[in-house]
Structures are given as structure tokens and as C-alpha cells.
Number of protein chains: 2
Amino acid sequence: MSDPKLYDTITAIAKRRGYYWPSYEIYGGLSGYVTYGDLGTKLKRNIENNWRSHFTNRQEVLEIEAPIINPATIFEASGHIANFKEYSSECTKCGHSFRADHLIEDKTDLENVEAMGGDAIKRLLVEHKIKCPRCGSPLKEPTLILTMFKTDIGATGGLTGYARPEAAQGMFINFKRGYQHAREKLPFALAQVGKVMRNEISPRRGLTRTREFTIMELELFFDPQQPECPWLKEVEDEKVRLLTESMQASDDRTPVETTIRDAVENGLILTEWNAYYMGVSKRFITHLGIPEDRQRFRAHLPDERAHYSAQTYDHEVQLRSFGWLEVAGHAYRTDYDLKAHQKGADTDMTVLREDGTRFTPHVVEPSFGLGRQFITALEASYEHKEKRNIFHLPRDLAPYQLSVFPLVTKDGLPEKAVEIHRALLGAGFAAFYDERGSVGRRYARSDEAGTPLAVTIDYDTLQDEAVTIRDRDTWGQVRTSIKDLTALLKEYYSYRAEFEDLGPAV
Amino acid sequence: MSDPKLYDTITAIAKRRGYYWPSYEIYGGLSGYVTYGDLGTKLKRNIENNWRSHFTNRQEVLEIEAPIINPATIFEASGHIANFKEYSSECTKCGHSFRADHLIEDKTDLENVEAMGGDAIKRLLVEHKIKCPRCGSPLKEPTLILTMFKTDIGATGGLTGYARPEAAQGMFINFKRGYQHAREKLPFALAQVGKVMRNEISPRRGLTRTREFTIMELELFFDPQQPECPWLKEVEDEKVRLLTESMQASDDRTPVETTIRDAVENGLILTEWNAYYMGVSKRFITHLGIPEDRQRFRAHLPDERAHYSAQTYDHEVQLRSFGWLEVAGHAYRTDYDLKAHQKGADTDMTVLREDGTRFTPHVVEPSFGLGRQFITALEASYEHKEKRNIFHLPRDLAPYQLSVFPLVTKDGLPEKAVEIHRALLGAGFAAFYDERGSVGRRYARSDEAGTPLAVTIDYDTLQDEAVTIRDRDTWGQVRTSIKDLTALLKEYYSYRAEFEDLGPAV
């Protein structure tokens, strides 16, 4: 079902055209690090902004930016120092270390081995006689390793710090400030888009598991005695496919198809808030180009769930390259985190109800590792047609909005094209000027950059002040006057699909 | 001349309203770290995008995103391991460490002590009998300390890594990829906007010196045999005030006023490229709210210049709070970095001229630490008037574009206001709904958030479908129909001052 070669194809285009490539190439490379190029940086930023328009574009959501390096006390209180670990198997001969669960997955048909726990991992390594994949020598018994980056804060040392492996703690420890800025009303949310670091034992599969990546994360705080989500009706009719805990326990891998509303009413999703964000998540991922029948939400099994979670659904997409890939996590974290920091910081983290009782808010968290949405958008939009590579990216995600070409590079056409290109840049469009090679080759390059429209200046332009606009997806062309061009393009690019479904004002 | 209390005032507003605050508050705080809140995150992102519109909005500039953690080899090759150091004085009794040059500056009238070198620092500490500022005990002789964060890459250790203290190396080591994506033509530039970390010995003054901050940096690569900057004419008439090396050597602190063009012709700026970016820099900082007579470019003295630089001008602004503050550096790095990595990676970093000769490109670098532009924009726009705090931020920087108020919270006005607020959010505006307290107090809160316009829904609105728009700066009001509102606001916010001065197409 999966086609790993497709990922290789996309990786090769990505490197050649500047979407992304392995970091530290001239120094021989270093696994787990990628560098985004011109096209990639633009696509990545557009995905971030699209995520914001889905998740943070309402007053109750406050975006913040907290530091990456945290003092160790934060992660002691949160439980990360005790729990953010993976099983590592070291080779007895070459000394290389590998993630034990991944070794088992590579050698068997088993999936999600991590969820089976340490005893099963140790047993399976022995049962399947798994050796070092580099040198074939025996492996030592696996041990749990903390996968966080450690450092000293202060140039003269003294205070141990860790790079955050997710952005969540920055929101929990700033809960009280956020509550103040949200005017002491629940529900409200804090959100972050920022870098996180995970010191992976053996990173692999390019963008899907890197040691440094951008996370887009939101913590919604609510009163557990008032668990209704007033925004639920906006997404209640969204159809989702759920793979619940019991379905996985019974080995039935056929997901149930349901609406968000029915999933709540039937108890498949524990809280309306998680349900709401799963509905928004489905819309966001659909906008990236994944149809709903290639999406599912898989519940974490009890052994698989993080230490803080009462229920977690992974949002998974079925890629042509890898098969099923997790693109988001939806965790019901209850009051675990606020209570943990209340204890760790010895500070009151409760808030007051109108009736005078105090309580610790509960938390629901949608979390997105951006490398995975990035590769999802790229792969979902990829088509190979008539020897051309085309990325059919949505118009609000495409790195460049416009290509601008002179038909030929003489007779004043380049000058006219440069003038138009410059005017479009000045009007705020991401426009790319190209005069190299034949127009056909320029169209091909433009399609490969995912650029939705190409504007061509020809001999007639000098007479009629009109240009040809060519569509990336249909290869159809229309002619329009230069004076109408900016307004036309502004309208084309102001189309924002996600707002069509917002429904009536609440 | 300077007014430190103003910074305290702004810091207090910033904390209360959610621009920024000290990180890890509930854990007792940790110097050198700040967290941006809702208003701050929006303002910061707007400054980033404004920087992009000044510095990267042309085809020859490719933005990339490279990792924060780098293997040690990168910084060995670049010279950072040997040179990214500061003099640290440790207290003999309490054990705290302090930046030796800052201790001297705090105790004397001397400025820029770092530039005087280690011998002078050691001598001045003794001459001025400087003691520990915490406990009054004697200090040890200062020693040079590496101020970079160190870590191990790989959960099982083995490879030493450092967090980058600037973004430049990520662009130098990716020069060849960038050159490929720029179609092997010079000049071209790589740019980055991203986090950097500096393990400061004794961070202070809030946002101006933090251990983690966003840098906006650009490396322009050019052929030293073709040093002309074809874009120079766009900024050649900009007036700048220069404090050259010789002026500082002669203790004459009066800057020379000159145009960018004259500064190049008179040899005050060594390269046209540095001059070009200094002109753009002046425009960018002016847009943040600093008039040209409170800006200057100060040349680094030979002892002060970084190990890679042939000439560096610091762009400084005169703040009401701190006095002169560096907001940008403009360094002529020559071929230092590419040659360093050619050696370090044992890889050819030269490119080919049309005549068949090979050469190492030269580099000019404008570099901006965003915390300083942030505090500059906030302070420059701050006014205290009639007991109100107002931030007169430019319309493209203000965190929120619009406030939306119902005149009273009854008779259907809130419902109408919510409907309009929702429509404005849907149209892509950053709009804030407020119905708490009197309209006067809401205007005051809106001014304190720097919001340029407030839209008020009153009883007439229910009859005439019109609203009142109130201006933050003039407090003047106009009435407009709801059906024209979106178009009117789009026009208001599409105004982009920086493009007015772009000049004719090149």
C-alpha cells in the first residue's frame, strides 16, 4: 500500500528546488536536522498562519512565546525528567544506539511497539533475534534513556536547563498571567508556535522525526463542572473516523464513521472540548490536501498514553509514501499539569467560581509537529504529469503566489515584465520573476514550485497593456488588462476556504 | 538625559497588558528570559514581517531556516569557540559571576568598556576598587568565559553541540545550496529570522539583553571584483549620522551628517553593500518610530570588532529610557566565513566568474536582535496623556487593528457588535471585542493596546446600519455604513509606507 520511493522523489525535488534538505551537508550531514530553503520557509510560514486561522483566530485564544531553554525544575515538576524517555539498544560491538521499538517494527509486521511497554520490547528483541542494523553484532538489553537536550544556564554554570520537547509547559507555568490577560474568564486558551527539541536516539524518515522542529500547540482551560464547549456547534457535523481503544483491543482495525456530535453523545470522545478541536483539526488537515477517507483518529491505548493524559486521540493521515502517519495529538490532560506546577512552584494555581468555590481548571490540548503537516501538504499535492512535477498546493499555502515571465528576452519584454513584477512585489504579492530558458520550461519550474498562477508578458502586451494568466492546475489561460491585474489577484488570493464553514455567529 | 523610570513604566504596562513579562515568574524568575504575551506576540510578528518587507522582499534574497543546535565543528571552524567570550568576574565570597566590563560601566562614566580589551578591563577593576555588587566582597581577577550553551547531540551522547549565538553560520554553511537555488548568480543573499541563544554571564535591562532572542539576519554575497551595489540608488539620498573610527579616537562624539551616497564616495563606508543596507536599516528603524536625529551609526573600533569583520557600524538609537542603544549591526565580513568553512569542512566554497577564474565571495551582514526593535517600537510610540497610556504604534505594527464595542450591554447592541466583530475576524482583521466597563474605559484600554481604530455600535446602528470609527491618535471620530466598513478598513491597513520610497524600477 505504501510507496517509500515517492518520499525519495519528493525529497530529491525538495533538495533541488529549495523546499528543504539535510542540515550540515558540507560537514557530512547529521541525522535529525533539516534546513528549510526559500520555498520551504515560505510554505512553512503559510502553514503556520493557516493553523492560526483555524485555531487561534478567536478572542479567547491568546498566543504567547515562552523560552525554549527551561530550568530543570520545570521538567521535574511536569514529570518529563521521569517520563520523557525511550528504550535504547546499544550495539555490543560498534557502540551505536537505536530505538528498540523501531528495531522491532523494522524487523516484524508489528505497529506501535512503543505502546506495548518495556517488558514486551525486551521480549520481542530476543524472540526476533534482532541484531545491530549497522554491523550485525548482538545488542545489549535496552535501557530507558531521557531524550531531552541538557545544558547549563549561565556561562559560569550552576543551573541545569533542558530544551523543551514540547511547548505546553510554557503555557501551564504562565497560566495565571494568561488568565489575568483573558480577564479572569474561562474558557480561554494559550497557544504557541515555536521551536522544540527532542534528542532522538536514532532519527529517521526525514521531516517526520527531527531533533528540532516547530510545534503548534494550544492549551484550552475550562471548568470541569461546566464542560460544555459553546463552539462545538461550529464543527458538530464534521464526519470523522475513529479507532477507539476497544476497537484496537479487539484487533478490529476498521474505524467507526461518525459525526463529532455523535462521537460525544456516544461517549467515544470524553470531552466536548477535545471533540471540538478534533473537528477543527479535521478541517485543517483537509485543507492541507488530505481527503476525509484518508484521515482517522486513533485512541492511545492505556500503556501508550502519556503520563498526563486521560484520553488521547492521534490524528493520522494515510500518505502514499509512508502509510499511516500521526500529524496531530489531541490530549485531555485534565488538571494534571496545573496541579503539578502548583506543587512544583508551591503556588496556588486554582481559580474562583462565581459561587465562591475554588478549582483547578482542566485542559484539552491539540498539538501539531509542523514537519509532518509540511510533508503531508507537499505529498498530498504532488502529481507527476507529462514529465512534470506539480505541487497542487492550496493558494494560501503556495510559497509563491505568482510567476512573472516575459515571452522572450528581447524587444523590451523583459523590461515590461520586470516593471510588473516589481509592482506586484510592492503590492505585497509573493511574485517570482523568471526569464531563463523557454516559456515551457518556466511553466514547468513554476508548477514544481507549486505557484498557482503565472503572468506572461508578450508582444501584444506592449500594444494592449494586457497579460496572460495561466493556471497551474488546469493549464488554462485567461487574458486580463494590467490595470485590473492587482485587484483581480487580490480577490483570487483573499479567498479563504476555512471561513466559509464557520457557520452563523454564536 | 536618560530616564530609566520610563522603562519601568513601560515594563509595568507590558506585564499587566500582556506585551511581555519575566519568564518563570511562579518559580521565582530567571534573569535573561522573557515571555511574550498576546499583544507582544502579535507586535513581535508584525515587526518580523516589517523587517522582511524592508530586507527580503526581492527575488535575490532567499529566506532559509537552519537549526539552532549545531555540532561543535561548525563553531570551531567559524572561530566562535575561540572568540565568543566575555570577561567574567567571580565574587570570592558569594560565588556570583558578573560581566567585568558592565561592572566598570556601572561604577564609572566610561562607555563601551568591552572595546578597550582585557588588560584595560583588569586595570580598571583594580583602579576603581570594584567589589561584588551583591555582597560587597572582593572579586577574583576576571577570566574569559565562552558564552554559548553547550549540550550533547544524541540521547546517548557522543557529539558535542552548541546553540547558535547568531544565525549567520547557518547561512554560510548552506552557501552552496543557496547559490544553486539563486541560479548560480551573484549578488544574492540568504536571510534568517529565528531564535538564537547567548549564555550571558549577568543579563540585565529586560528585553535588551536576554539569553534567548529572535534574530533577523541577512548575508549578502558579492564578487569583490564587482563591488557595486545595483540597488544603492534606492536609498542613496537617505541622510545618516556617522560616528567614524577616527572621530571616536579623537574623542569627538559629534557625528557627521551625510547621505548614504556621500558616505560611500568619501570612503566613510567601505563597501556599497554595507551602505545600501545601512540606508535600508535607517528606513526600517525610522518606521519603528525613531526620528533620524535620534539615530546614528557608530563604527566599531579595531579592538571592538568581531574576529571576522573588516568594518562594522552599529546602528544606534537614542531612547528616552536608556540613552543610546544598539539596535543593529552592519558588518563587512569579507571572505572570512566562507574561507573558514572551506577549511573546516574541507569543501570548495569558491564560485566561477564568467572569465573562468574562481573566487570566494565577500559578505555584508545586517543583523537585528528583535528584542531591541521591540522595546524601541514600544518606547518610541509611548505617550502618557490625560492619565492614559497610549502606544502610537504604526498601523502595520499594532498588535490589534481594531477594537469593537457596543455602546451599552443591552437592547441588542452586544449581539450586533459580536456579529460585526465576527465578520471582521472572518475578513482577516485582528479585531478585539470589548464590552466591559464604560466606553471611556474601553477606549483607554484600546489605546494602551496600541489599537489604531475602535468601532463602536450604538443605538443608531440598529436603525441606520452605520458605526462610529474612532482614531487612537487624534481621538477624532467618523461615521460609516457597515456595508462599506470592510473595504474602508482594508484600504486603511493596506497602506505600506515603506513602498512609497522604493523609487523607480531598476
# chains A, B, ... in the order shown; residues from 1 in each chain; ligands from 1

$ interface_residues --of "chain B" --to "chain A" --cutoff "8 Å" --atoms "only C-alpha atoms" --output "count of residues only"
60

$ select_by_dssp --residues "region 155-221 of chain B" --states "strand (DSSP E)" --output "ChimeraX atom specification"
/B:159-163,188-197,212-221

$ write_last_selection --atoms "N, CA, C and O atoms" --output "CSV table (one decimal), in the first residue's frame"
chain,number,residue,atom,x,y,z
B,159,LEU,N,28.3,13.4,20.8
B,159,LEU,CA,28.6,14.6,19.9
B,159,LEU,C,28.3,15.9,20.6
B,159,LEU,O,27.2,16.1,21.0
B,160,THR,N,29.3,16.7,20.8
B,160,THR,CA,29.1,18.0,21.4
B,160,THR,C,28.4,18.9,20.5
B,160,THR,O,28.8,19.0,19.3
B,161,GLY,N,27.4,19.6,21.0
B,161,GLY,CA,26.7,20.6,20.2
B,161,GLY,C,26.6,21.9,21.0
B,161,GLY,O,26.8,22.0,22.2
B,162,TYR,N,26.4,23.0,20.2
B,162,TYR,CA,26.2,24.3,20.8
B,162,TYR,C,25.0,25.0,20.2
B,162,TYR,O,24.7,24.8,19.0
B,163,ALA,N,24.2,25.7,21.0
B,163,ALA,CA,23.2,26.5,20.5
B,163,ALA,C,23.8,27.7,19.7
B,163,ALA,O,24.8,28.3,20.3
B,188,PHE,N,23.5,37.6,-4.4
B,188,PHE,CA,22.3,37.1,-3.8
B,188,PHE,C,22.5,37.1,-2.3
B,188,PHE,O,23.6,37.2,-1.8
B,189,ALA,N,21.4,36.9,-1.6
B,189,ALA,CA,21.5,36.9,-0.1
B,189,ALA,C,20.7,35.7,0.4
B,189,ALA,O,19.7,35.3,-0.1
B,190,LEU,N,21.2,35.2,1.6
B,190,LEU,CA,20.4,34.3,2.4
B,190,LEU,C,20.0,35.1,3.7
B,190,LEU,O,20.8,35.9,4.2
B,191,ALA,N,18.8,34.9,4.1
B,191,ALA,CA,18.3,35.6,5.3
B,191,ALA,C,17.7,34.6,6.3
B,191,ALA,O,17.2,33.5,5.9
B,192,GLN,N,17.7,34.9,7.5
B,192,GLN,CA,17.0,34.1,8.5
B,192,GLN,C,16.4,34.9,9.6
B,192,GLN,O,16.9,35.9,10.0
B,193,VAL,N,15.2,34.5,10.0
B,193,VAL,CA,14.5,35.1,11.2
B,193,VAL,C,14.3,33.9,12.2
B,193,VAL,O,13.6,33.0,11.8
B,194,GLY,N,15.1,33.9,13.3
B,194,GLY,CA,14.9,32.7,14.1
B,194,GLY,C,15.6,32.9,15.5
B,194,GLY,O,16.2,33.9,15.7
B,195,LYS,N,15.4,31.9,16.3
B,195,LYS,CA,15.9,32.0,17.7
B,195,LYS,C,17.4,31.8,17.8
B,195,LYS,O,17.9,30.9,17.1
B,196,VAL,N,18.1,32.6,18.6
B,196,VAL,CA,19.4,32.3,19.0
B,196,VAL,C,19.6,32.4,20.5
B,196,VAL,O,18.7,32.9,21.2
B,197,MET,N,20.7,31.8,21.0
B,197,MET,CA,20.8,31.8,22.5
B,197,MET,C,22.2,32.2,22.8
B,197,MET,O,23.2,31.8,22.2
B,212,GLU,N,17.9,34.4,25.3
B,212,GLU,CA,17.3,33.7,24.1
B,212,GLU,C,16.5,34.8,23.4
B,212,GLU,O,15.8,35.6,24.1
B,213,PHE,N,16.8,35.0,22.1
B,213,PHE,CA,16.0,36.0,21.4
B,213,PHE,C,15.9,35.7,19.9
B,213,PHE,O,16.7,34.8,19.4
B,214,THR,N,15.0,36.4,19.3
B,214,THR,CA,14.9,36.2,17.8
B,214,THR,C,15.8,37.2,17.1
B,214,THR,O,15.9,38.4,17.5
B,215,ILE,N,16.6,36.6,16.2
B,215,ILE,CA,17.5,37.5,15.4
B,215,ILE,C,16.9,37.5,14.0
B,215,ILE,O,16.3,36.6,13.5
B,216,MET,N,17.1,38.7,13.3
B,216,MET,CA,16.8,38.8,11.9
B,216,MET,C,18.1,39.2,11.2
B,216,MET,O,18.6,40.3,11.5
B,217,GLU,N,18.5,38.3,10.4
B,217,GLU,CA,19.9,38.5,9.9
B,217,GLU,C,19.9,38.1,8.4
B,217,GLU,O,19.2,37.3,7.9
B,218,LEU,N,20.8,38.8,7.7
B,218,LEU,CA,20.9,38.6,6.2
B,218,LEU,C,22.4,38.6,5.8
B,218,LEU,O,23.2,39.4,6.3
B,219,GLU,N,22.8,37.7,5.0
B,219,GLU,CA,24.2,37.6,4.4
B,219,GLU,C,24.1,37.8,2.9
B,219,GLU,O,23.5,37.0,2.2
B,220,LEU,N,24.7,38.9,2.5
B,220,LEU,CA,24.7,39.3,1.1
B,220,LEU,C,26.0,38.9,0.5
B,220,LEU,O,27.1,39.3,1.0
B,221,PHE,N,26.0,38.0,-0.5
B,221,PHE,CA,27.2,37.5,-1.1
B,221,PHE,C,27.5,38.3,-2.4
B,221,PHE,O,26.6,38.4,-3.3

$ residues_around --residues "Glu272 (chain A)" --least-positions-apart "2" --cutoff "8 Å" --atoms "only C-alpha atoms" --output "count of residues only"
10

$ atom_distance --atom1 "CA of Glu491 (chain A)" --atom2 "CA of Trp475 (chain A)"
20.0 Å

$ residues_around --residues "region 287-301 of chain B" --least-positions-apart "4" --cutoff "7 Å" --atoms "only C-alpha atoms" --output "list in words"
Ala115, Val240, Arg241, Leu242, Leu243, Thr244, Glu245, Arg283, Arg305, Thr312, Tyr313, Asp314, His315, Glu316, Val317, Gln318, Ala377, Ala380 and Ser381 of chain B

$ write_last_selection --atoms "N, CA and C atoms" --output "tab-separated table (two decimals), in the first residue's frame"
chain	number	residue	atom	x	y	z
B	115	ALA	N	35.25	47.24	24.43
B	115	ALA	CA	36.13	47.54	23.30
B	115	ALA	C	37.55	47.86	23.73
B	240	VAL	N	22.11	60.04	6.95
B	240	VAL	CA	22.52	59.26	8.12
B	240	VAL	C	23.56	60.05	8.90
B	241	ARG	N	23.67	59.72	10.17
B	241	ARG	CA	24.67	60.36	11.03
B	241	ARG	C	25.71	59.31	11.40
B	242	LEU	N	26.95	59.56	11.04
B	242	LEU	CA	28.02	58.58	11.25
B	242	LEU	C	29.00	59.05	12.31
B	243	LEU	N	29.39	58.10	13.15
B	243	LEU	CA	30.44	58.33	14.13
B	243	LEU	C	31.55	57.37	13.71
B	244	THR	N	32.54	57.89	13.00
B	244	THR	CA	33.56	57.01	12.42
B	244	THR	C	34.58	56.61	13.47
B	245	GLU	N	35.47	55.68	13.07
B	245	GLU	CA	36.55	55.26	13.96
B	245	GLU	C	37.39	56.45	14.40
B	283	ARG	N	15.70	53.34	7.26
B	283	ARG	CA	14.26	53.39	6.95
B	283	ARG	C	13.44	52.50	7.87
B	305	ARG	N	35.89	45.26	17.15
B	305	ARG	CA	35.32	44.50	16.03
B	305	ARG	C	35.45	43.00	16.25
B	312	THR	N	32.62	47.43	10.90
B	312	THR	CA	31.27	47.24	11.44
B	312	THR	C	30.72	48.58	11.90
B	313	TYR	N	29.52	48.86	11.48
B	313	TYR	CA	28.80	50.01	12.03
B	313	TYR	C	27.63	49.50	12.87
B	314	ASP	N	27.59	49.91	14.13
B	314	ASP	CA	26.39	49.66	14.93
B	314	ASP	C	25.37	50.74	14.63
B	315	HIS	N	24.14	50.31	14.38
B	315	HIS	CA	23.05	51.26	14.25
B	315	HIS	C	22.51	51.49	15.66
B	316	GLU	N	22.57	52.72	16.12
B	316	GLU	CA	22.15	53.02	17.49
B	316	GLU	C	20.97	54.00	17.47
B	317	VAL	N	20.11	53.85	18.47
B	317	VAL	CA	19.00	54.81	18.63
B	317	VAL	C	19.09	55.40	20.03
B	318	GLN	N	18.66	56.64	20.12
B	318	GLN	CA	18.67	57.31	21.42
B	318	GLN	C	17.30	57.17	22.05
B	377	ALA	N	10.24	50.14	19.45
B	377	ALA	CA	8.92	50.49	18.91
B	377	ALA	C	7.95	50.86	20.03
B	380	ALA	N	9.22	54.28	21.69
B	380	ALA	CA	9.09	55.43	20.79
B	380	ALA	C	7.64	55.84	20.63
B	381	SER	N	6.73	54.88	20.73
B	381	SER	CA	5.32	55.17	20.47
B	381	SER	C	4.56	55.54	21.74

$ select_by_dssp --residues "region 75-217 of chain A" --states "helix (DSSP H, G or I)" --output "ChimeraX atom specification"
/A:75-78,80-83,100-107,113-116,118-127,168-172,175-181,206-208

$ residues_around --residues "Leu485 (chain B)" --least-positions-apart "5" --cutoff "9 Å" --atoms "only C-alpha atoms" --output "list in words"
Ala466, Val467, Thr480 and Lys490 of chain B

$ write_last_selection --atoms "C-alpha atoms" --output "mmCIF file, in the first residue's frame"
data_model
loop_
_atom_site.group_PDB
_atom_site.id
_atom_site.type_symbol
_atom_site.label_atom_id
_atom_site.label_comp_id
_atom_site.auth_asym_id
_atom_site.auth_seq_id
_atom_site.Cartn_x
_atom_site.Cartn_y
_atom_site.Cartn_z
ATOM 1 C CA ALA B 466 -23.733 52.582 10.475
ATOM 2 C CA VAL B 467 -20.969 52.613 13.085
ATOM 3 C CA THR B 480 -19.502 54.916 8.216
ATOM 4 C CA LYS B 490 -8.793 47.095 4.089
#

$ closest_residue --among "A:Cys132, A:Ala328, A:Ile285, A:Met116" --to "Cys91 (chain A)" --atoms "only C-alpha atoms"
A:Cys132

$ residues_around --residues "Ile469 (chain A)" --least-positions-apart "4" --cutoff "6 Å" --atoms "only C-alpha atoms" --output "PDB file with N, CA, C and O atoms, in the first residue's frame"
ATOM      1  N   ALA A 454       0.678  31.981 -13.262  1.00  0.00           N
ATOM      2  CA  ALA A 454       1.820  32.576 -13.957  1.00  0.00           C
ATOM      3  C   ALA A 454       1.313  33.696 -14.859  1.00  0.00           C
ATOM      4  O   ALA A 454       0.323  33.526 -15.571  1.00  0.00           O
ATOM      5  N   VAL A 455       1.978  34.834 -14.804  1.00  0.00           N
ATOM      6  CA  VAL A 455       1.597  36.007 -15.591  1.00  0.00           C
ATOM      7  C   VAL A 455       2.624  36.177 -16.699  1.00  0.00           C
ATOM      8  O   VAL A 455       3.816  36.327 -16.418  1.00  0.00           O
ATOM      9  N   GLN A 477      -5.693  29.315 -19.697  1.00  0.00           N
ATOM     10  CA  GLN A 477      -5.187  30.685 -19.698  1.00  0.00           C
ATOM     11  C   GLN A 477      -6.325  31.685 -19.878  1.00  0.00           C
ATOM     12  O   GLN A 477      -7.299  31.411 -20.567  1.00  0.00           O
ATOM     13  N   VAL A 478      -6.174  32.837 -19.240  1.00  0.00           N
ATOM     14  CA  VAL A 478      -7.094  33.959 -19.476  1.00  0.00           C
ATOM     15  C   VAL A 478      -6.244  35.201 -19.704  1.00  0.00           C
ATOM     16  O   VAL A 478      -5.096  35.266 -19.269  1.00  0.00           O
TER      17      VAL A 478
END

$ atom_distance --atom1 "CA of Pro165 (chain B)" --atom2 "CA of Gly369 (chain B)"
10.9 Å

$ atom_distance --atom1 "CA of Met171 (chain A)" --atom2 "CA of Val364 (chain A)"
12.3 Å

$ residues_around --residues "Ser2 (chain A)" --least-positions-apart "2" --cutoff "6 Å" --atoms "only C-alpha atoms" --output "ChimeraX atom specification"
/A:320-323

$ write_last_selection --atoms "C-alpha atoms" --output "compact mmCIF listing (two decimals), in the first residue's frame"
# COMPACT_ATOMS: atom_id res chain seq x y z
CA ARG A 320 1.03 7.38 -0.28
CA SER A 321 4.67 7.17 0.83
CA PHE A 322 4.62 6.01 4.45
CA GLY A 323 1.12 4.75 5.05
